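Content type compact mmCIF, C-alpha atoms, from the file final_0.txt:
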# COMPACT_ATOMS: atom_id res chain seq x y z
CA MET A 1 0.00 0.00 0.00
CA ALA A 2 1.74 3.15 -1.22
CA ILE A 3 1.09 6.67 -0.02
CA GLY A 4 -0.46 8.71 -2.79
CA PRO A 5 -0.45 12.45 -3.40
CA LEU A 6 -3.87 12.88 -1.79
CA GLN A 7 -2.68 11.31 1.47
CA ILE A 8 0.42 13.53 1.50
CA ILE A 9 -1.72 16.65 1.03
CA ILE A 10 -4.02 15.60 3.87
CA ILE A 11 -1.04 14.97 6.17
CA LEU A 12 0.45 18.38 5.31
CA LEU A 13 -2.85 20.13 6.02
CA ILE A 14 -3.11 18.42 9.41
CA VAL A 15 0.47 19.45 10.26
CA VAL A 16 -0.27 23.06 9.29
CA LEU A 17 -3.40 23.05 11.43
CA ILE A 18 -1.56 21.64 14.44
CA PHE A 19 1.61 23.75 14.34
CA GLY A 20 0.58 26.83 12.37
CA THR A 21 2.40 28.47 9.50
CA LYS A 22 4.59 30.73 11.64
CA LYS A 23 6.07 27.87 13.63
CA LEU A 24 6.59 25.78 10.48
CA ARG A 25 8.33 28.74 8.83
CA ASN A 26 10.69 29.05 11.81
CA VAL A 27 11.43 25.33 11.76
CA GLY A 28 12.21 25.50 8.04
CA LYS A 29 14.46 28.51 8.55
CA ASP A 30 16.35 26.78 11.36
CA LEU A 31 16.70 23.58 9.36
CA GLY A 32 17.98 25.49 6.32
CA GLY A 33 20.52 27.34 8.46
CA ALA A 34 21.73 24.07 9.96
CA VAL A 35 22.19 22.50 6.53
CA HIS A 36 24.05 25.60 5.32
CA ASP A 37 26.38 25.55 8.33
CA PHE A 38 27.00 21.82 7.87
CA LYS A 39 27.95 22.26 4.21
CA GLU A 40 30.18 25.22 5.11
CA GLY A 41 31.92 23.09 7.74
CA LEU A 42 32.49 20.31 5.22
CA ASN A 43 34.00 22.73 2.72
CA GLN A 44 36.20 24.27 5.38
CA GLY A 45 37.38 20.81 6.44
CA THR A 46 38.41 19.88 2.91
CA GLU A 47 40.20 23.22 2.48
CA ASP A 48 42.10 22.64 5.74
CA ALA A 49 43.06 19.15 4.60
CA LYS A 50 44.35 20.53 1.29
CA LYS A 51 46.39 23.18 3.12
CA ASP A 52 47.84 20.56 5.47
CA SER A 53 48.87 18.27 2.61
CA THR A 54 50.44 21.22 0.74
CA THR A 55 52.35 22.24 3.87
CA GLU A 56 53.62 18.68 4.36
CA LYS A 57 54.80 18.49 0.75
CA SER A 58 56.69 21.79 0.99
CA THR A 59 58.25 20.70 4.29
CA ASP A 60 59.34 17.42 2.70
CA ASP A 61 60.79 19.28 -0.29
CA ASN A 62 62.74 21.62 2.00
CA ALA A 63 64.10 18.65 3.97
CA ASP A 64 65.21 16.97 0.72
CA LYS A 65 67.00 20.14 -0.42
CA ALA A 66 68.77 20.50 2.92
CA ALA A 67 70.09 16.92 2.78

For this file, produce the structure as structure tokens.
Amino acid sequence: MAIGPLQIIIILLIVVLIFGTKKLRNVGKDLGGAVHDFKEGLNQGTEDAKKDSTTEKSTDDNADKAA
């Protein structure tokens, strides 16, 4: 038994009636901000990893030149 579009619309209407549009808007805003911050953190983590690997390579190159 699959959930059809009519059932989804009914569920959404019940949720709107229970919580109200203002509260749902705030929840959506908070959820969107959390997703944005998560993606920003992932990007920052990959940038830091790239910087660390570049620093290690240049340190290894300098050690090879000194020897």

Can you measure atom CA of A:Gly28 to atom CA of A:Val16 for me? One decimal in Å is fine.
12.8 Å

Centre and edge lengths, as lines of an AutoDock Vina configuration file, for the axis-aligned box enclosing every listed atom of stretch 32-43 of chain A with 3 Å of padding on each of the six sides, in Å to one decimal?
center_x = 26.0
center_y = 23.8
center_z = 6.3
size_x = 22.0
size_y = 13.0
size_z = 13.2

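Straight-line separation from atom CA of A:Thr21 to atom CA of A:Ile3: 23.8 Å.
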
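Between atom CA of A:Val15 and atom CA of A:Val27 lies a distance of 12.5 Å.
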
Hey, could you patch up stretch 11-37 of chain A with N, CA and C atoms and hand it over as a tab-separated table (two decimals), in the frame of the given file?
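Result file result14.tsv:
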chain	number	residue	atom	x	y	z
A	11	ILE	N	-2.01	14.95	5.06
A	11	ILE	CA	-1.04	14.97	6.17
A	11	ILE	C	-0.47	16.37	6.34
A	12	LEU	N	-0.10	17.03	5.24
A	12	LEU	CA	0.45	18.38	5.31
A	12	LEU	C	-0.57	19.37	5.87
A	13	LEU	N	-1.81	19.25	5.49
A	13	LEU	CA	-2.85	20.13	6.02
A	13	LEU	C	-3.03	19.93	7.53
A	14	ILE	N	-2.98	18.69	7.98
A	14	ILE	CA	-3.11	18.42	9.41
A	14	ILE	C	-1.93	19.02	10.16
A	15	VAL	N	-0.72	18.88	9.62
A	15	VAL	CA	0.47	19.45	10.26
A	15	VAL	C	0.36	20.96	10.34
A	16	VAL	N	-0.11	21.60	9.28
A	16	VAL	CA	-0.27	23.06	9.29
A	16	VAL	C	-1.31	23.48	10.33
A	17	LEU	N	-2.37	22.72	10.44
A	17	LEU	CA	-3.40	23.05	11.43
A	17	LEU	C	-2.88	22.90	12.85
A	18	ILE	N	-2.06	21.89	13.08
A	18	ILE	CA	-1.56	21.64	14.44
A	18	ILE	C	-0.51	22.68	14.83
A	19	PHE	N	0.48	22.89	13.97
A	19	PHE	CA	1.61	23.75	14.34
A	19	PHE	C	1.45	25.20	13.91
A	20	GLY	N	0.73	25.46	12.87
A	20	GLY	CA	0.58	26.83	12.37
A	20	GLY	C	1.70	27.17	11.41
A	21	THR	N	1.44	28.13	10.55
A	21	THR	CA	2.40	28.47	9.50
A	21	THR	C	3.63	29.18	10.06
A	22	LYS	N	3.45	29.99	11.09
A	22	LYS	CA	4.59	30.73	11.64
A	22	LYS	C	5.61	29.78	12.25
A	23	LYS	N	5.16	28.81	13.01
A	23	LYS	CA	6.07	27.87	13.63
A	23	LYS	C	6.75	27.00	12.58
A	24	LEU	N	6.00	26.58	11.56
A	24	LEU	CA	6.59	25.78	10.48
A	24	LEU	C	7.64	26.59	9.71
A	25	ARG	N	7.37	27.88	9.51
A	25	ARG	CA	8.33	28.74	8.83
A	25	ARG	C	9.62	28.84	9.63
A	26	ASN	N	9.50	28.97	10.95
A	26	ASN	CA	10.69	29.05	11.81
A	26	ASN	C	11.47	27.75	11.80
A	27	VAL	N	10.76	26.64	11.81
A	27	VAL	CA	11.43	25.33	11.76
A	27	VAL	C	12.18	25.18	10.44
A	28	GLY	N	11.55	25.57	9.34
A	28	GLY	CA	12.21	25.50	8.04
A	28	GLY	C	13.43	26.39	7.97
A	29	LYS	N	13.33	27.58	8.54
A	29	LYS	CA	14.46	28.51	8.55
A	29	LYS	C	15.62	27.94	9.36
A	30	ASP	N	15.32	27.38	10.52
A	30	ASP	CA	16.35	26.78	11.36
A	30	ASP	C	17.00	25.58	10.69
A	31	LEU	N	16.18	24.76	10.05
A	31	LEU	CA	16.70	23.58	9.36
A	31	LEU	C	17.60	23.99	8.19
A	32	GLY	N	17.17	25.00	7.43
A	32	GLY	CA	17.98	25.49	6.32
A	32	GLY	C	19.30	26.07	6.79
A	33	GLY	N	19.28	26.79	7.91
A	33	GLY	CA	20.52	27.34	8.46
A	33	GLY	C	21.46	26.24	8.92
A	34	ALA	N	20.90	25.19	9.50
A	34	ALA	CA	21.73	24.07	9.96
A	34	ALA	C	22.39	23.35	8.78
A	35	VAL	N	21.64	23.15	7.72
A	35	VAL	CA	22.19	22.50	6.53
A	35	VAL	C	23.28	23.37	5.91
A	36	HIS	N	23.06	24.68	5.87
A	36	HIS	CA	24.05	25.60	5.32
A	36	HIS	C	25.34	25.56	6.14
A	37	ASP	N	25.21	25.60	7.46
A	37	ASP	CA	26.38	25.55	8.33
A	37	ASP	C	27.12	24.23	8.19
